[in-house]
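Engineer: Data: input.txt, compact mmCIF, C-alpha atoms and all ligand atoms.
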```
# COMPACT_ATOMS: atom_id res chain seq x y z
CA MET C 1 62.51 -45.71 24.37
CA THR C 2 65.92 -44.02 24.01
CA THR C 3 68.85 -45.71 22.26
CA ALA C 4 70.72 -45.86 25.57
CA THR C 5 67.76 -47.60 27.27
CA GLN C 6 67.49 -50.00 24.33
CA ALA C 7 71.18 -50.91 24.62
CA VAL C 8 70.81 -51.59 28.35
CA LYS C 9 67.62 -53.61 27.81
CA SER C 10 69.03 -55.72 24.98
CA GLU C 11 71.95 -56.70 27.24
CA THR C 12 69.62 -57.66 30.07
CA ASP C 13 69.97 -61.20 31.38
CA TRP C 14 66.36 -62.23 30.87
CA THR C 15 66.88 -65.54 32.61
CA LYS C 16 66.94 -63.59 35.87
CA ARG C 17 64.41 -60.78 35.45
CA PRO C 18 60.69 -61.16 36.34
CA LEU C 19 58.63 -62.68 33.51
CA ALA C 20 56.28 -59.69 33.59
CA GLU C 21 59.24 -57.47 32.68
CA LEU C 22 60.39 -59.80 29.88
CA ILE C 23 56.85 -59.90 28.48
CA GLN C 24 56.64 -56.12 28.51
CA TRP C 25 59.95 -55.95 26.66
CA ILE C 26 58.80 -58.49 24.03
CA VAL C 27 55.53 -56.64 23.41
CA ASN C 28 57.06 -53.15 23.32
CA GLU C 29 60.13 -54.08 21.33
CA HIS C 30 59.26 -57.02 19.08
CA HIS C 31 55.47 -57.04 18.70
CA SER C 32 55.47 -53.31 17.94
CA PHE C 33 58.30 -53.79 15.45
CA LEU C 34 56.33 -56.47 13.58
CA GLU C 35 53.15 -54.44 13.43
CA ALA C 36 55.05 -51.64 11.70
CA ALA C 37 57.46 -53.75 9.64
CA LEU C 38 55.01 -56.18 8.00
CA PRO C 39 52.90 -53.59 6.12
CA ARG C 40 56.11 -51.74 5.18
CA LEU C 41 57.61 -54.91 3.71
CA ARG C 42 54.40 -55.62 1.82
CA GLN C 43 54.59 -52.13 0.32
CA LYS C 44 58.22 -52.65 -0.72
CA LEU C 45 57.21 -55.88 -2.42
CA LEU C 46 54.36 -54.11 -4.22
CA ASP C 47 56.81 -51.45 -5.44
CA ALA C 48 59.25 -54.12 -6.64
CA THR C 49 56.44 -55.96 -8.43
CA ARG C 50 55.23 -52.77 -10.13
CA LEU C 51 58.73 -52.03 -11.47
CA ASP C 52 59.49 -55.60 -12.50
CA CYS C 53 57.78 -55.35 -15.91
CA GLY C 54 56.72 -58.98 -15.77
CA ARG C 55 60.18 -60.59 -15.65
CA ASN C 56 59.66 -62.33 -12.30
CA THR C 57 55.89 -62.52 -12.18
CA HIS C 58 55.63 -66.09 -10.96
CA LEU C 59 58.27 -65.72 -8.21
CA LEU C 60 56.93 -62.38 -7.00
CA ARG C 61 53.42 -63.77 -6.86
CA GLU C 62 54.61 -66.67 -4.73
CA ILE C 63 56.67 -64.44 -2.41
CA THR C 64 53.63 -62.17 -2.01
CA GLN C 65 51.45 -65.15 -1.14
CA VAL C 66 53.93 -66.40 1.49
CA LEU C 67 54.27 -62.90 2.97
CA ILE C 68 50.50 -62.38 3.19
CA THR C 69 49.92 -65.80 4.80
CA MET C 70 52.80 -65.25 7.24
CA SER C 71 51.58 -61.74 8.15
CA THR C 72 48.03 -62.94 8.80
CA GLY C 73 49.29 -65.83 10.93
CA LEU C 74 51.65 -63.56 12.84
CA HIS C 75 48.94 -61.02 13.52
CA GLU C 76 46.75 -63.74 15.08
CA HIS C 77 49.76 -65.17 16.93
CA LEU C 78 50.59 -61.82 18.55
CA MET C 79 46.95 -61.36 19.53
CA LYS C 80 46.85 -64.78 21.22
CA GLU C 81 50.05 -64.04 23.12
CA GLU C 82 49.00 -60.56 24.18
CA SER C 83 45.39 -61.30 25.08
CA VAL C 84 45.57 -64.84 26.50
CA LEU C 85 48.94 -66.39 27.20
CA PHE C 86 51.03 -63.45 28.39
CA PRO C 87 48.41 -62.15 30.88
CA TYR C 88 48.09 -65.70 32.25
CA VAL C 89 51.87 -66.04 32.73
CA VAL C 90 51.91 -62.69 34.56
CA SER C 91 49.02 -63.77 36.81
CA LEU C 92 50.78 -67.07 37.54
CA GLU C 93 53.98 -65.28 38.52
CA LYS C 94 52.03 -62.90 40.76
CA ALA C 95 50.08 -65.74 42.40
CA LEU C 96 53.26 -67.66 43.19
CA ALA C 97 54.94 -64.56 44.65
CA HIS C 98 51.94 -64.02 46.98
CA GLY C 99 51.47 -67.69 47.91
CA LYS C 100 48.09 -67.82 46.20
CA PRO C 101 46.58 -70.82 44.35
CA ARG C 102 46.84 -71.27 40.60
CA PRO C 103 44.65 -68.70 38.81
CA TYR C 104 41.79 -70.04 36.68
CA THR C 105 42.73 -70.84 33.11
CA PRO C 106 40.28 -71.41 30.26
CA PHE C 107 42.84 -73.48 28.30
CA GLY C 108 43.65 -76.28 30.75
CA LYS C 109 47.32 -77.12 31.04
CA MET C 110 49.84 -74.39 30.32
CA SER C 111 51.79 -76.70 28.00
CA SER C 112 49.04 -76.71 25.33
CA PRO C 113 49.03 -73.01 24.41
CA ILE C 114 52.82 -72.86 24.73
CA SER C 115 53.25 -75.79 22.32
CA LEU C 116 50.90 -74.08 19.90
CA MET C 117 52.95 -70.86 20.05
CA GLU C 118 56.18 -72.83 19.50
CA ASP C 119 54.68 -74.57 16.46
CA GLU C 120 53.57 -71.23 15.05
CA HIS C 121 57.13 -69.89 15.46
CA LYS C 122 58.34 -72.80 13.31
CA ASP C 123 55.78 -71.86 10.64
CA VAL C 124 57.12 -68.29 10.62
CA HIS C 125 60.72 -69.47 10.25
CA SER C 126 59.67 -71.76 7.38
CA ALA C 127 57.91 -68.85 5.65
CA LEU C 128 61.02 -66.65 6.03
CA ALA C 129 63.22 -69.41 4.62
CA ARG C 130 60.80 -69.90 1.71
CA MET C 131 60.81 -66.17 0.89
CA ARG C 132 64.61 -66.15 1.09
CA ALA C 133 64.89 -69.17 -1.23
CA LEU C 134 62.45 -67.68 -3.75
CA SER C 135 64.21 -64.29 -3.62
CA ASN C 136 67.51 -65.94 -4.54
CA HIS C 137 66.03 -66.89 -7.93
CA LEU C 138 64.84 -63.42 -8.87
CA VAL C 139 66.30 -62.07 -12.10
CA LEU C 140 67.70 -58.57 -11.72
CA HIS C 141 67.39 -55.82 -14.23
CA GLU C 142 68.55 -52.23 -14.13
CA HIS C 143 65.30 -50.39 -13.31
CA TRP C 144 64.08 -52.89 -10.85
CA GLU C 145 67.23 -53.47 -8.78
CA PRO C 146 66.84 -50.61 -6.23
CA ALA C 147 63.29 -51.73 -5.43
CA LEU C 148 64.47 -55.30 -4.99
CA ARG C 149 67.28 -54.20 -2.69
CA GLU C 150 64.78 -52.24 -0.58
CA PHE C 151 62.61 -55.33 -0.25
CA LEU C 152 65.55 -57.63 0.55
CA SER C 153 66.94 -55.30 3.18
CA GLY C 154 63.44 -55.12 4.75
CA LEU C 155 63.34 -58.91 4.74
CA ASP C 156 66.77 -58.99 6.45
CA SER C 157 65.64 -56.65 9.23
CA LEU C 158 62.45 -58.63 9.71
CA GLU C 159 64.35 -61.91 9.92
CA LYS C 160 66.85 -60.52 12.47
CA ASP C 161 64.09 -59.19 14.69
CA ILE C 162 62.02 -62.39 14.46
CA ASN C 163 65.09 -64.48 15.35
CA GLN C 164 65.66 -62.40 18.48
CA HIS C 165 61.93 -62.38 19.30
CA THR C 166 61.45 -66.15 19.00
CA HIS C 167 64.74 -66.77 20.84
CA LEU C 168 63.41 -64.83 23.84
CA GLU C 169 60.12 -66.74 23.77
CA ASP C 170 61.29 -70.27 22.85
CA ASN C 171 64.45 -70.35 24.94
CA ILE C 172 63.66 -68.12 27.91
CA LEU C 173 60.02 -67.08 28.38
CA TYR C 174 58.26 -70.37 27.61
CA PRO C 175 60.69 -72.70 29.46
CA ARG C 176 60.47 -70.41 32.50
CA ALA C 177 56.65 -70.27 32.22
CA ARG C 178 56.49 -74.10 32.10
CA ASP C 179 58.74 -74.21 35.16
CA LEU C 180 56.53 -71.68 36.96
CA ASP C 181 53.44 -73.71 36.11
CA GLY C 182 55.09 -76.82 37.55
CA GLN C 183 55.55 -75.10 40.90
CA PHE C 184 51.78 -75.14 41.56
CA LYS C 185 50.44 -78.32 43.11
FE FE J 201 55.72 -62.80 20.57
FE FE J 202 55.49 -65.86 19.74
```
Have the structure of the file written as structure tokens, please.

Structural biologist:
Amino acid sequence: MTTATQAVKSETDWTKRPLAELIQWIVNEHHSFLEAALPRLRQKLLDATRLDCGRNTHLLREITQVLITMSTGLHEHLMKEESVLFPYVVSLEKALAHGKPRPYTPFGKMSSPISLMEDEHKDVHSALARMRALSNHLVLHEHWEPALREFLSGLDSLEKDINQHTHLEDNILYPRARDLDGQFK
């Protein structure tokens, strides 16, 4: 996607566009970002740990643990959205537009998987806050500082993107999907 297209898309009023279009935007923009950013951040943390010479061993070990757990959880979260929930929301929107009955769902009420996704977003935000808090206690030293800055700037970018991503899902996509679900008898 070109920069110009990105600028137009990021200014889109997603409360008014079809959900299928919003979902496509979330997957292309935010899910793709995460898939590339998480391994990159892990590498930056490995580099920082290698150069640390044992001064922050305990903190770096804990940050690594939080990052690995968060990445694994996020990977499964994205899979659930892309393979189960998002296709169902798209099929619901299509059915309503064509006056068709509610499509079959293997997970019962729509509110259950949505609540699960919302809870998982909270876990991600807690993990980010934990990594931020731990990072604030790291002791700097001359040789290690550039590697730390690389890691912290990667963490910043990740946090910004996740905030935007979860805002689109928690405040726009999922409330609209619940509303859509409620329109079927
Ligand atoms: Fe997502
Ligand atoms: Fe999500």

Engineer: Can you work out which residues are within 7 Å of ligand FE 201 (chain J), considering all atoms listed in the file, and then hand them over as an mmCIF file with C-alpha atoms, keeping the file's coordinate frame?

Structural biologist:
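The resulting file, out_4.cif, is shown below:
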```
data_model
loop_
_atom_site.group_PDB
_atom_site.id
_atom_site.type_symbol
_atom_site.label_atom_id
_atom_site.label_comp_id
_atom_site.auth_asym_id
_atom_site.auth_seq_id
_atom_site.Cartn_x
_atom_site.Cartn_y
_atom_site.Cartn_z
ATOM 1 C CA ILE C 26 58.800 -58.490 24.030
ATOM 2 C CA VAL C 27 55.530 -56.640 23.410
ATOM 3 C CA HIS C 30 59.260 -57.020 19.080
ATOM 4 C CA HIS C 31 55.470 -57.040 18.700
ATOM 5 C CA LEU C 78 50.590 -61.820 18.550
ATOM 6 C CA GLU C 81 50.050 -64.040 23.120
ATOM 7 C CA HIS C 165 61.930 -62.380 19.300
ATOM 8 C CA THR C 166 61.450 -66.150 19.000
ATOM 9 C CA GLU C 169 60.120 -66.740 23.770
#
```

Engineer: Pull the closest atom pair for each residue of region 37-59 of chain C that gets at most 8 Å from region 63-73 of chain C, along with the distance in Å to one decimal, counting only C-alpha atoms, ordering rows by chain and then ascending residue number, as a Markdown table.

Structural biologist:
```
| residue | atom | partner | partner_atom | distance |
| --- | --- | --- | --- | --- |
| C:Leu38 | CA | C:Ser71 | CA | 6.5 |
| C:Arg42 | CA | C:Leu67 | CA | 7.4 |
| C:Leu45 | CA | C:Thr64 | CA | 7.2 |
| C:Leu59 | CA | C:Ile63 | CA | 6.2 |
```

Engineer: Mind giving me the axis-aligned box for region 106-124 of chain C with 6 Å on every side, centre plus edges in Å to one decimal, as AutoDock Vina command-line options?

Structural biologist:
```
--center_x 49.3 --center_y -72.7 --center_z 20.8 --size_x 30.1 --size_y 20.8 --size_z 32.4
```

Engineer: Residues near Glu142 (chain C), anyone? I mean within 12 Å using only C-alpha atoms, not counting same-chain ones fewer than 3 positions away, as an MDAnalysis selection string.

Structural biologist: chainID C and resid 51:53 55 139 145:149

Engineer: Kindly export the residues of the current selection with C-alpha atoms, as a CSV table (one decimal), in the coordinates of the input.

Structural biologist:
```
chain,number,residue,atom,x,y,z
C,51,LEU,CA,58.7,-52.0,-11.5
C,52,ASP,CA,59.5,-55.6,-12.5
C,53,CYS,CA,57.8,-55.4,-15.9
C,55,ARG,CA,60.2,-60.6,-15.6
C,139,VAL,CA,66.3,-62.1,-12.1
C,145,GLU,CA,67.2,-53.5,-8.8
C,146,PRO,CA,66.8,-50.6,-6.2
C,147,ALA,CA,63.3,-51.7,-5.4
C,148,LEU,CA,64.5,-55.3,-5.0
C,149,ARG,CA,67.3,-54.2,-2.7
```

Engineer: For a quick check of understanding, using only C-alpha atoms and all ligand atoms, which of C:Met117, C:Met79, C:Ile162, C:Leu96 has the smallest distance to ligand FE 202 (chain J)?

Structural biologist: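 Using only C-alpha atoms and all ligand atoms, ligand FE 202 (chain J) sits closest to C:Met117.
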
Engineer: Which of these, C:Asp13, C:Pro101, C:His77, C:Pro113, has the shortest distance to Leu168 (chain C) once you count all atoms listed in the file?

Structural biologist: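 Under the stated criterion, the closest residue is C:Asp13.
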